[in-house]
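Source file: input.txt (compact mmCIF, C-alpha atoms)
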```txt
# COMPACT_ATOMS: atom_id res chain seq x y z
CA MET A 1 -26.44 -23.72 -6.61
CA LYS A 2 -24.41 -26.88 -7.09
CA LYS A 3 -21.00 -27.23 -5.43
CA SER A 4 -19.26 -27.59 -8.77
CA GLN A 5 -20.90 -24.38 -10.01
CA ILE A 6 -19.72 -22.49 -6.93
CA PHE A 7 -16.23 -23.77 -7.59
CA THR A 8 -16.04 -22.96 -11.32
CA ARG A 9 -17.72 -19.57 -10.88
CA GLY A 10 -14.76 -18.37 -8.81
CA LEU A 11 -12.25 -20.20 -10.97
CA ILE A 12 -13.20 -18.82 -14.39
CA LYS A 13 -16.48 -16.95 -14.74
CA GLU A 14 -15.76 -14.46 -11.96
CA ASN A 15 -11.99 -14.73 -11.95
CA VAL A 16 -10.84 -12.12 -9.42
CA VAL A 17 -7.84 -10.81 -11.34
CA LEU A 18 -8.85 -11.03 -14.98
CA VAL A 19 -12.61 -10.41 -14.78
CA LEU A 20 -13.32 -8.55 -11.53
CA MET A 21 -9.96 -6.69 -11.42
CA ILE A 22 -9.45 -7.27 -7.68
CA GLY A 23 -6.18 -8.16 -5.96
CA LEU A 24 -4.10 -6.49 -8.64
CA CYS A 25 -1.12 -5.53 -6.48
CA PRO A 26 0.25 -9.06 -5.90
CA ALA A 27 -0.89 -10.16 -9.37
CA LEU A 28 1.32 -7.59 -11.05
CA ALA A 29 4.16 -7.55 -8.54
CA VAL A 30 5.07 -11.22 -8.21
CA SER A 31 4.23 -12.53 -11.69
CA GLY A 32 7.80 -12.13 -12.94
CA THR A 33 8.43 -15.88 -12.81
CA VAL A 34 6.14 -18.90 -12.76
CA ARG A 35 7.50 -20.12 -9.41
CA ASP A 36 6.83 -16.83 -7.60
CA ALA A 37 3.39 -16.46 -9.19
CA PHE A 38 2.34 -20.03 -8.31
CA GLY A 39 3.71 -19.74 -4.75
CA MET A 40 1.89 -16.46 -4.18
CA GLY A 41 -1.33 -17.93 -5.58
CA LEU A 42 -1.18 -20.96 -3.30
CA ALA A 43 -0.40 -18.82 -0.24
CA ALA A 44 -3.41 -16.60 -0.93
CA THR A 45 -5.59 -19.68 -1.61
CA PHE A 46 -4.60 -21.16 1.76
CA VAL A 47 -5.57 -17.97 3.57
CA LEU A 48 -8.82 -17.55 1.64
CA PHE A 49 -9.88 -21.20 2.09
CA PHE A 50 -9.37 -21.28 5.86
CA SER A 51 -10.61 -17.75 6.58
CA ASN A 52 -13.79 -18.51 4.59
CA ILE A 53 -14.36 -21.68 6.64
CA ILE A 54 -13.74 -20.04 10.03
CA ILE A 55 -15.82 -16.96 9.20
CA SER A 56 -18.65 -19.16 7.95
CA ILE A 57 -18.58 -21.25 11.15
CA MET A 58 -18.67 -18.10 13.28
CA ARG A 59 -21.09 -16.14 11.11
CA LYS A 60 -23.98 -16.32 13.61
CA ALA A 61 -21.77 -15.38 16.56
CA ILE A 62 -20.11 -12.30 15.03
CA PRO A 63 -21.99 -9.08 15.88
CA ASN A 64 -22.81 -7.11 12.75
CA GLU A 65 -21.30 -3.81 13.98
CA VAL A 66 -17.78 -5.11 14.52
CA ARG A 67 -17.67 -7.73 11.78
CA ILE A 68 -14.95 -6.07 9.66
CA PRO A 69 -12.28 -5.94 12.43
CA ILE A 70 -13.11 -9.54 13.37
CA PHE A 71 -12.77 -10.66 9.73
CA ILE A 72 -9.43 -8.87 9.50
CA LEU A 73 -8.19 -10.54 12.70
CA ILE A 74 -9.17 -13.99 11.44
CA ILE A 75 -7.53 -13.33 8.07
CA SER A 76 -4.35 -11.98 9.64
CA THR A 77 -4.08 -15.12 11.80
CA PHE A 78 -3.84 -17.28 8.69
CA VAL A 79 -1.53 -14.78 7.00
CA THR A 80 0.84 -15.04 9.96
CA ILE A 81 0.71 -18.86 9.77
CA ILE A 82 1.60 -18.92 6.06
CA ASP A 83 4.19 -16.17 6.58
CA TYR A 84 6.11 -18.20 9.15
CA PHE A 85 5.55 -21.47 7.28
CA MET A 86 7.13 -20.09 4.10
CA GLN A 87 9.95 -18.47 6.04
CA ALA A 88 10.79 -21.88 7.51
CA PHE A 89 10.24 -24.25 4.58
CA GLN A 90 10.54 -22.10 1.42
CA PRO A 91 13.10 -19.42 2.35
CA SER A 92 14.12 -18.54 -1.23
CA LEU A 93 10.50 -18.15 -2.35
CA TYR A 94 9.80 -16.12 0.79
CA ARG A 95 12.67 -13.74 -0.03
CA ALA A 96 11.45 -13.38 -3.63
CA LEU A 97 7.89 -12.52 -2.57
CA GLY A 98 9.13 -10.17 0.17
CA VAL A 99 6.62 -7.76 1.63
CA PHE A 100 3.77 -9.26 -0.42
CA VAL A 101 3.39 -12.25 1.92
CA PRO A 102 2.25 -10.20 4.96
CA LEU A 103 0.31 -7.96 2.56
CA ILE A 104 -2.06 -10.84 1.71
CA VAL A 105 -4.00 -9.50 4.71
CA VAL A 106 -5.08 -6.39 2.78
CA ASN A 107 -5.85 -8.25 -0.45
CA CYS A 108 -9.39 -7.02 -1.20
CA MET A 109 -10.23 -10.44 -2.64
CA ILE A 110 -10.08 -12.16 0.77
CA LEU A 111 -12.00 -9.55 2.77
CA GLY A 112 -14.40 -9.27 -0.18
CA ARG A 113 -15.27 -13.00 -0.14
CA ALA A 114 -15.61 -12.93 3.67
CA GLU A 115 -18.04 -10.01 3.49
CA ALA A 116 -19.96 -11.03 0.37
CA TYR A 117 -20.06 -14.82 0.69
CA ALA A 118 -18.69 -16.56 3.79
CA SER A 119 -20.64 -14.40 6.25
CA LYS A 120 -23.93 -15.41 4.61
CA ASN A 121 -23.50 -19.01 3.45
CA SER A 122 -22.96 -22.52 4.84
CA VAL A 123 -19.53 -23.85 5.74
CA ILE A 124 -19.30 -26.34 2.85
CA ASN A 125 -20.35 -23.77 0.24
CA SER A 126 -17.91 -21.22 1.67
CA ALA A 127 -15.10 -23.77 1.51
CA PHE A 128 -15.82 -24.46 -2.17
CA ASP A 129 -16.12 -20.75 -2.86
CA GLY A 130 -12.78 -20.03 -1.18
CA LEU A 131 -11.08 -22.83 -3.07
CA GLY A 132 -12.55 -21.74 -6.42
CA VAL A 133 -11.74 -18.06 -6.03
CA GLY A 134 -8.27 -18.83 -4.67
CA LEU A 135 -7.40 -21.24 -7.46
CA GLY A 136 -8.77 -18.74 -10.00
CA PHE A 137 -6.33 -16.21 -8.55
CA THR A 138 -3.53 -18.79 -8.77
CA LEU A 139 -4.46 -19.60 -12.37
CA ALA A 140 -4.43 -15.95 -13.45
CA LEU A 141 -1.08 -15.34 -11.72
CA THR A 142 0.50 -18.47 -13.18
CA VAL A 143 -0.61 -17.62 -16.73
CA MET A 144 0.81 -14.11 -16.34
CA GLY A 145 3.99 -15.51 -14.81
CA ALA A 146 4.37 -18.01 -17.67
CA ILE A 147 3.98 -15.32 -20.36
CA ARG A 148 6.40 -12.99 -18.63
CA GLU A 149 9.00 -15.64 -17.81
CA ILE A 150 8.95 -17.23 -21.28
CA LEU A 151 9.23 -13.92 -23.13
CA GLY A 152 11.40 -12.12 -20.59
CA ASN A 153 13.85 -14.88 -19.77
CA GLY A 154 13.26 -17.66 -22.31
CA THR A 155 12.57 -20.14 -19.51
CA PHE A 156 9.62 -21.94 -17.88
CA LEU A 157 10.11 -22.81 -14.19
CA GLY A 158 13.83 -22.19 -14.76
CA MET A 159 14.12 -24.61 -17.73
CA ALA A 160 15.26 -23.05 -21.01
CA ILE A 161 12.56 -23.74 -23.61
CA LEU A 162 13.10 -21.12 -26.30
CA GLY A 163 16.67 -22.10 -27.17
CA GLN A 164 20.02 -20.58 -26.36
CA GLY A 165 19.76 -17.84 -28.99
CA PHE A 166 16.68 -16.41 -27.29
CA LYS A 167 18.16 -16.88 -23.84
CA ASN A 168 21.13 -14.70 -24.77
CA ALA A 169 18.91 -11.81 -25.89
CA PRO A 170 15.46 -12.10 -24.25
CA VAL A 171 12.79 -9.38 -24.07
CA ILE A 172 14.03 -8.21 -20.64
CA PHE A 173 11.28 -5.59 -20.65
CA MET A 174 8.74 -8.32 -19.85
CA ILE A 175 10.17 -9.28 -16.45
CA LEU A 176 10.60 -5.63 -15.43
CA PRO A 177 7.65 -3.75 -13.90
CA PRO A 178 6.34 -2.20 -17.20
CA GLY A 179 5.94 -5.68 -18.68
CA ALA A 180 3.43 -6.60 -15.97
CA PHE A 181 1.15 -3.70 -16.92
CA LEU A 182 1.45 -4.53 -20.62
CA VAL A 183 0.70 -8.26 -20.17
CA ILE A 184 -2.40 -7.72 -18.03
CA GLY A 185 -3.60 -4.95 -20.39
CA VAL A 186 -3.34 -7.19 -23.43
CA MET A 187 -4.92 -10.15 -21.57
CA LYS A 188 -7.85 -7.98 -20.46
CA ALA A 189 -8.31 -6.68 -24.01
CA LEU A 190 -8.43 -10.25 -25.37
CA ILE A 191 -10.96 -11.24 -22.69
CA ASN A 192 -13.14 -8.24 -23.55
CA LYS A 193 -13.12 -9.20 -27.20
CA TYR A 194 -13.75 -12.89 -26.50
CA VAL A 195 -16.54 -12.34 -23.95
CA LYS A 196 -18.26 -9.84 -26.22
CA LYS A 197 -18.29 -12.36 -29.07
CA GLU A 198 -19.86 -14.90 -26.76
CA THR A 199 -22.75 -12.64 -25.75
CA GLN A 200 -23.59 -11.40 -29.25
CA MET B 201 21.67 3.74 2.87
CA LYS B 202 21.44 6.23 5.69
CA ASN B 203 21.47 9.58 3.86
CA PRO B 204 17.96 11.07 4.31
CA ALA B 205 18.07 12.84 0.92
CA LEU B 206 18.80 9.53 -0.83
CA ILE B 207 16.05 7.78 1.11
CA PHE B 208 13.62 10.47 -0.01
CA LEU B 209 14.65 10.31 -3.68
CA GLY B 210 14.64 6.52 -3.65
CA ALA B 211 11.12 6.38 -2.28
CA PHE B 212 9.86 9.23 -4.46
CA LEU B 213 11.26 8.34 -7.90
CA VAL B 214 13.51 5.30 -8.15
CA ASN B 215 11.35 2.80 -6.28
CA ASN B 216 8.07 4.57 -6.97
CA ILE B 217 5.42 2.85 -4.91
CA VAL B 218 2.87 2.44 -7.68
CA LEU B 219 4.89 1.90 -10.82
CA MET B 220 7.90 0.01 -9.45
CA ARG B 221 6.63 -1.69 -6.28
CA PHE B 222 3.01 -2.26 -7.39
CA LEU B 223 1.45 -1.15 -4.12
CA GLY B 224 -1.77 0.85 -3.98
CA LEU B 225 -2.98 -0.17 -7.41
CA CYS B 226 -6.64 -0.25 -6.38
CA PRO B 227 -6.89 3.53 -5.83
CA PHE B 228 -4.50 4.08 -8.73
CA PHE B 229 -6.97 2.54 -11.17
CA GLY B 230 -10.12 3.17 -9.16
CA VAL B 231 -10.07 6.88 -8.29
CA SER B 232 -7.97 8.28 -11.11
CA ASN B 233 -10.85 9.36 -13.34
CA ALA B 234 -10.33 13.07 -12.74
CA VAL B 235 -7.34 15.18 -11.68
CA GLU B 236 -9.31 16.68 -8.79
CA THR B 237 -10.18 13.37 -7.11
CA ALA B 238 -6.65 12.09 -7.75
CA THR B 239 -5.24 15.11 -5.90
CA GLY B 240 -7.58 14.56 -2.94
CA MET B 241 -6.71 10.89 -2.73
CA GLY B 242 -2.99 11.64 -3.00
CA MET B 243 -3.11 14.16 -0.17
CA ALA B 244 -5.11 11.79 2.03
CA VAL B 245 -2.53 9.06 1.39
CA ILE B 246 0.45 11.30 2.27
CA PHE B 247 -1.32 12.39 5.46
CA VAL B 248 -2.29 8.93 6.68
CA MET B 249 0.95 7.30 5.53
CA THR B 250 3.07 9.72 7.58
CA ILE B 251 1.00 9.34 10.75
CA ALA B 252 0.79 5.55 10.27
CA SER B 253 4.58 5.30 9.98
CA TRP B 254 4.99 7.19 13.28
CA ILE B 255 2.45 5.08 15.16
CA THR B 256 3.60 1.73 13.81
CA TRP B 257 7.26 2.64 14.47
CA ILE B 258 6.41 3.43 18.10
CA VAL B 259 4.29 0.28 18.46
CA TYR B 260 6.94 -1.96 16.87
CA HIS B 261 9.95 -0.60 18.76
CA GLY B 262 8.09 0.20 21.98
CA ILE B 263 5.84 -2.83 22.41
CA LEU B 264 6.42 -5.67 19.94
CA LEU B 265 10.23 -5.85 20.10
CA PRO B 266 10.72 -5.53 23.90
CA PHE B 267 8.01 -8.10 24.65
CA ASP B 268 9.12 -10.48 21.87
CA LEU B 269 5.78 -10.30 20.08
CA VAL B 270 7.07 -9.75 16.53
CA PHE B 271 4.89 -12.58 15.21
CA LEU B 272 1.83 -10.41 15.92
CA ARG B 273 3.15 -7.72 13.55
CA THR B 274 0.64 -8.24 10.73
CA ALA B 275 -2.44 -8.30 12.94
CA VAL B 276 -1.32 -5.41 15.15
CA PHE B 277 -0.33 -3.15 12.25
CA ILE B 278 -3.55 -3.59 10.28
CA LEU B 279 -5.70 -3.00 13.36
CA THR B 280 -3.59 0.01 14.36
CA ILE B 281 -3.97 1.55 10.91
CA ALA B 282 -7.70 0.82 10.77
CA SER B 283 -8.35 2.49 14.12
CA LEU B 284 -5.95 5.32 13.28
CA VAL B 285 -7.93 6.16 10.14
CA GLN B 286 -11.16 6.24 12.19
CA LEU B 287 -9.54 8.54 14.77
CA VAL B 288 -8.11 10.86 12.12
CA GLU B 289 -11.50 11.04 10.45
CA MET B 290 -13.29 11.95 13.70
CA PHE B 291 -10.61 14.46 14.66
CA LEU B 292 -10.72 16.20 11.28
CA LYS B 293 -14.50 16.28 11.32
CA LYS B 294 -14.52 18.09 14.68
CA SER B 295 -11.50 20.37 14.33
CA TYR B 296 -10.52 20.97 10.70
CA ARG B 297 -13.73 21.11 8.74
CA THR B 298 -12.21 22.33 5.45
CA LEU B 299 -9.54 19.62 5.43
CA TYR B 300 -12.24 17.05 6.25
CA ASN B 301 -14.37 18.22 3.33
CA ALA B 302 -11.39 17.86 1.01
CA LEU B 303 -10.17 14.45 2.23
CA GLY B 304 -13.24 13.01 3.96
CA ILE B 305 -14.55 10.56 1.41
CA TYR B 306 -11.09 9.16 0.69
CA LEU B 307 -10.16 8.37 4.28
CA PRO B 308 -12.27 5.19 4.75
CA LEU B 309 -10.95 3.83 1.45
CA ILE B 310 -7.40 4.07 2.77
CA THR B 311 -7.86 1.49 5.52
CA THR B 312 -7.47 -1.44 3.14
CA ASN B 313 -4.96 0.34 0.94
CA CYS B 314 -1.96 -1.94 0.70
CA ALA B 315 0.33 1.05 0.11
CA ILE B 316 -0.03 2.22 3.73
CA LEU B 317 0.58 -1.18 5.30
CA GLY B 318 3.31 -1.92 2.77
CA VAL B 319 5.23 1.25 3.64
CA THR B 320 5.14 0.47 7.35
CA PHE B 321 6.47 -3.06 6.66
CA LEU B 322 9.17 -1.76 4.32
CA ALA B 323 10.30 0.83 6.87
CA ILE B 324 10.65 -1.92 9.50
CA ASP B 325 12.40 -4.32 7.09
CA ASN B 326 14.89 -1.60 6.09
CA LYS B 327 15.62 -0.96 9.81
CA PHE B 328 14.98 2.78 9.48
CA ASN B 329 15.16 5.00 12.56
CA PHE B 330 12.25 7.28 13.41
CA LEU B 331 13.42 10.26 11.28
CA ASN B 332 14.33 8.16 8.23
CA SER B 333 11.06 6.28 8.49
CA THR B 334 9.17 9.61 8.38
CA ILE B 335 11.18 10.80 5.37
CA PHE B 336 10.62 7.46 3.66
CA SER B 337 6.85 7.63 4.06
CA ILE B 338 6.61 11.27 2.97
CA GLY B 339 8.68 10.49 -0.13
CA THR B 340 6.56 7.46 -0.90
CA GLY B 341 3.32 9.39 -0.44
CA LEU B 342 4.53 12.20 -2.69
CA GLY B 343 5.54 9.67 -5.32
CA PHE B 344 2.05 8.17 -5.12
CA MET B 345 0.40 11.59 -5.52
CA VAL B 346 2.56 12.70 -8.47
CA VAL B 347 1.98 9.46 -10.38
CA MET B 348 -1.73 9.52 -9.52
CA ILE B 349 -2.23 13.09 -10.82
CA THR B 350 -0.22 12.44 -14.00
CA PHE B 351 -2.17 9.25 -14.67
CA ALA B 352 -5.51 10.99 -14.06
CA ALA B 353 -4.57 13.65 -16.60
CA ILE B 354 -3.72 10.93 -19.13
CA ARG B 355 -7.00 9.12 -18.46
CA GLU B 356 -9.06 12.27 -18.91
CA ARG B 357 -7.70 12.43 -22.45
CA LEU B 358 -8.04 8.68 -23.04
CA ASP B 359 -11.77 8.90 -22.30
CA LEU B 360 -12.21 11.14 -25.34
CA ALA B 361 -9.84 9.27 -27.64
CA PRO B 362 -11.38 7.22 -30.48
CA ILE B 363 -10.09 3.74 -29.58
CA ASN B 364 -11.23 0.18 -30.23
CA PRO B 365 -14.04 -0.78 -27.80
CA SER B 366 -12.26 -3.94 -26.63
CA ILE B 367 -9.31 -1.98 -25.27
CA LYS B 368 -11.37 0.90 -23.87
CA GLY B 369 -11.38 1.23 -20.08
CA TYR B 370 -9.05 -1.09 -18.16
CA PRO B 371 -6.84 -2.44 -20.98
CA ILE B 372 -5.76 0.95 -22.29
CA SER B 373 -5.28 2.20 -18.73
CA PHE B 374 -2.95 -0.71 -18.04
CA ILE B 375 -0.98 -0.07 -21.21
CA ALA B 376 -0.73 3.65 -20.40
CA ALA B 377 0.47 2.76 -16.89
CA GLY B 378 3.00 0.40 -18.46
CA LEU B 379 4.40 3.23 -20.58
CA MET B 380 4.62 5.42 -17.48
CA ALA B 381 6.45 2.64 -15.66
CA LEU B 382 8.85 2.41 -18.59
CA ALA B 383 9.56 6.13 -18.20
CA PHE B 384 10.13 5.71 -14.46
CA LEU B 385 12.50 2.83 -15.17
CA GLY B 386 14.79 5.55 -16.52
CA PHE B 387 15.27 6.82 -12.96
CA SER B 388 16.85 3.57 -11.76
CA GLY B 389 20.51 4.05 -11.07
CA LEU B 390 19.98 7.74 -10.25
CA PHE B 391 22.67 8.67 -7.65
CA GLY B 392 23.52 4.97 -7.44
CA LEU B 393 20.04 4.02 -6.12
CA THR B 394 18.54 0.75 -7.23
```

Full structure transcribed into structure tokens:
Amino acid sequence: MKKSQIFTRGLIKENVVLVLMIGLCPALAVSGTVRDAFGMGLAATFVLFFSNIIISIMRKAIPNEVRIPIFILIISTFVTIIDYFMQAFQPSLYRALGVFVPLIVVNCMILGRAEAYASKNSVINSAFDGLGVGLGFTLALTVMGAIREILGNGTFLGMAILGQGFKNAPVIFMILPPGAFLVIGVMKALINKYVKKETQ
Amino acid sequence: MKNPALIFLGAFLVNNIVLMRFLGLCPFFGVSNAVETATGMGMAVIFVMTIASWITWIVYHGILLPFDLVFLRTAVFILTIASLVQLVEMFLKKSYRTLYNALGIYLPLITTNCAILGVTFLAIDNKFNFLNSTIFSIGTGLGFMVVMITFAAIRERLDLAPINPSIKGYPISFIAAGLMALAFLGFSGLFGLT
């Protein structure tokens, strides 16, 4: 398979959040604003990219019986790095994401790619796979964050775009927890309809 | 917030782990097809969550803090919980066969359940003492189980409902969960809890 195919497969065709329905917890929890969603996506991409590379390099040295604990240790190393990095350089984003930064370690997406792809494929392919899947996650989160922030607050990245009248009386429901469930439900329904049309 | 009753209510209803904090969504959507499996999963979560909060509290306050190793928190907690689940599984298999038969298949799934790890982190971040941390995790686990069983009952009906094929399955489940979350939003502000 070509490198570009590996990349786009994770980005769109097998998008973790919207197609495979993996990694839902952070996707729903931090998609209240575009900034939080994008920051969370990049943090997870960083962890996935580097854990895929390291696991792929070590794939012949890791004994099969204890592979899962070793994967988790490698992943948690990178989670700790990004945790402390954000705490130091992006403190307001870090406070907004809260407990979800250390919880990247139990995101099924990352362990899933380690188990299903990086432990069986070459380093370069694993790097492209990690980047594709991670950016697909970022894309899904950012789209959700944009919908929720525009409807729920009338802003995009903090800039008012729907006018003052909307800003005074926005659909607050959308930035509260129920809005997250509704947005992803409607998005999934549209994807089902669209993908079905394509295959017919 | 030091009153144990308020901590319990806050964890159980106001900040419900699934609908308000969005933790543990994988089992929430994955094993909520039938009320019976939802009950089993809920009980397994309460059980493991309570024991995990004890162990991680002891590890954090007994080892990580005194030796200034707080940066190892993520790695140590996830490995502690993973090995704890294995131990609990072996112990139940040997000693409490009926409990094992009821919870057995759900235990391995719990290792990568973000709800368990999330609760241990939240208990540390809120600076709870040992007793409050136990109450917090029991309340959270109960909240998980109640929402799980209610949602499973709704889904059993949704399976039979005549709905458009594009929203069958995940989309309608998400929308139903959204309506439940809306109902739980009504609890915010209860006894001044936010």

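If you take all atoms listed in the file and a cut-off of 6 Å, the residues of chain A that reach chain B are Cys25, Ala29, Ser76, Val106, Pro177, Pro178, Phe181, Leu182, Gly185, Lys188, Ala189, Asn192 and Lys193 of chain A.
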
- Item | Point-to-point distance in Å for atom CA of B:Tyr300 and atom CA of A:Ile68 | 23.5 Å

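For the pair atom CA of A:Ala37 and atom CA of A:Thr138, the interatomic distance is 7.3 Å.
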
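The coordinates place atom CA of A:Leu157 at 14.4 Å from atom CA of A:Met40.
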
- Query: Which neighbours of B:Leu307 fall inside 12 Å, counting all atoms listed in the file, when residues of the same chain fewer than 3 positions from it are skipped, and could you give them as a ChimeraX atom specification?
  - Reply: /B:227,240-249,281-290,292-293,299-304,310-313,316

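Distance check against B:Val346 using all atoms listed in the file: of B:Ala238, B:Ile363, B:Ala205, B:Ala211, the minimum falls on B:Ala238.
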
- Query: Taking all atoms listed in the file into account, which of A:Phe38, A:Phe137, A:Phe78, A:Phe100 comes nearest A:Ile12?
  - Reply: A:Phe137

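Considering the residues A:Ser31, A:Thr80, A:Met174, A:Ala96 and counting only C-alpha atoms, A:Asn153 has its shortest atom-to-atom contact with A:Met174.
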
- Determine the nearest neighbour of B:Leu393 from the options B:Val214, B:Lys202, B:Thr320, B:Asn332, counting all atoms listed in the file. B:Val214

- Message: I want to know what sits within 9 Å of B:Val259, based on only C-alpha atoms, with residues of the same chain fewer than 6 positions away left out; could you give that as a PyMOL selection string?
- Response: chain B and resi 265+276-277+280
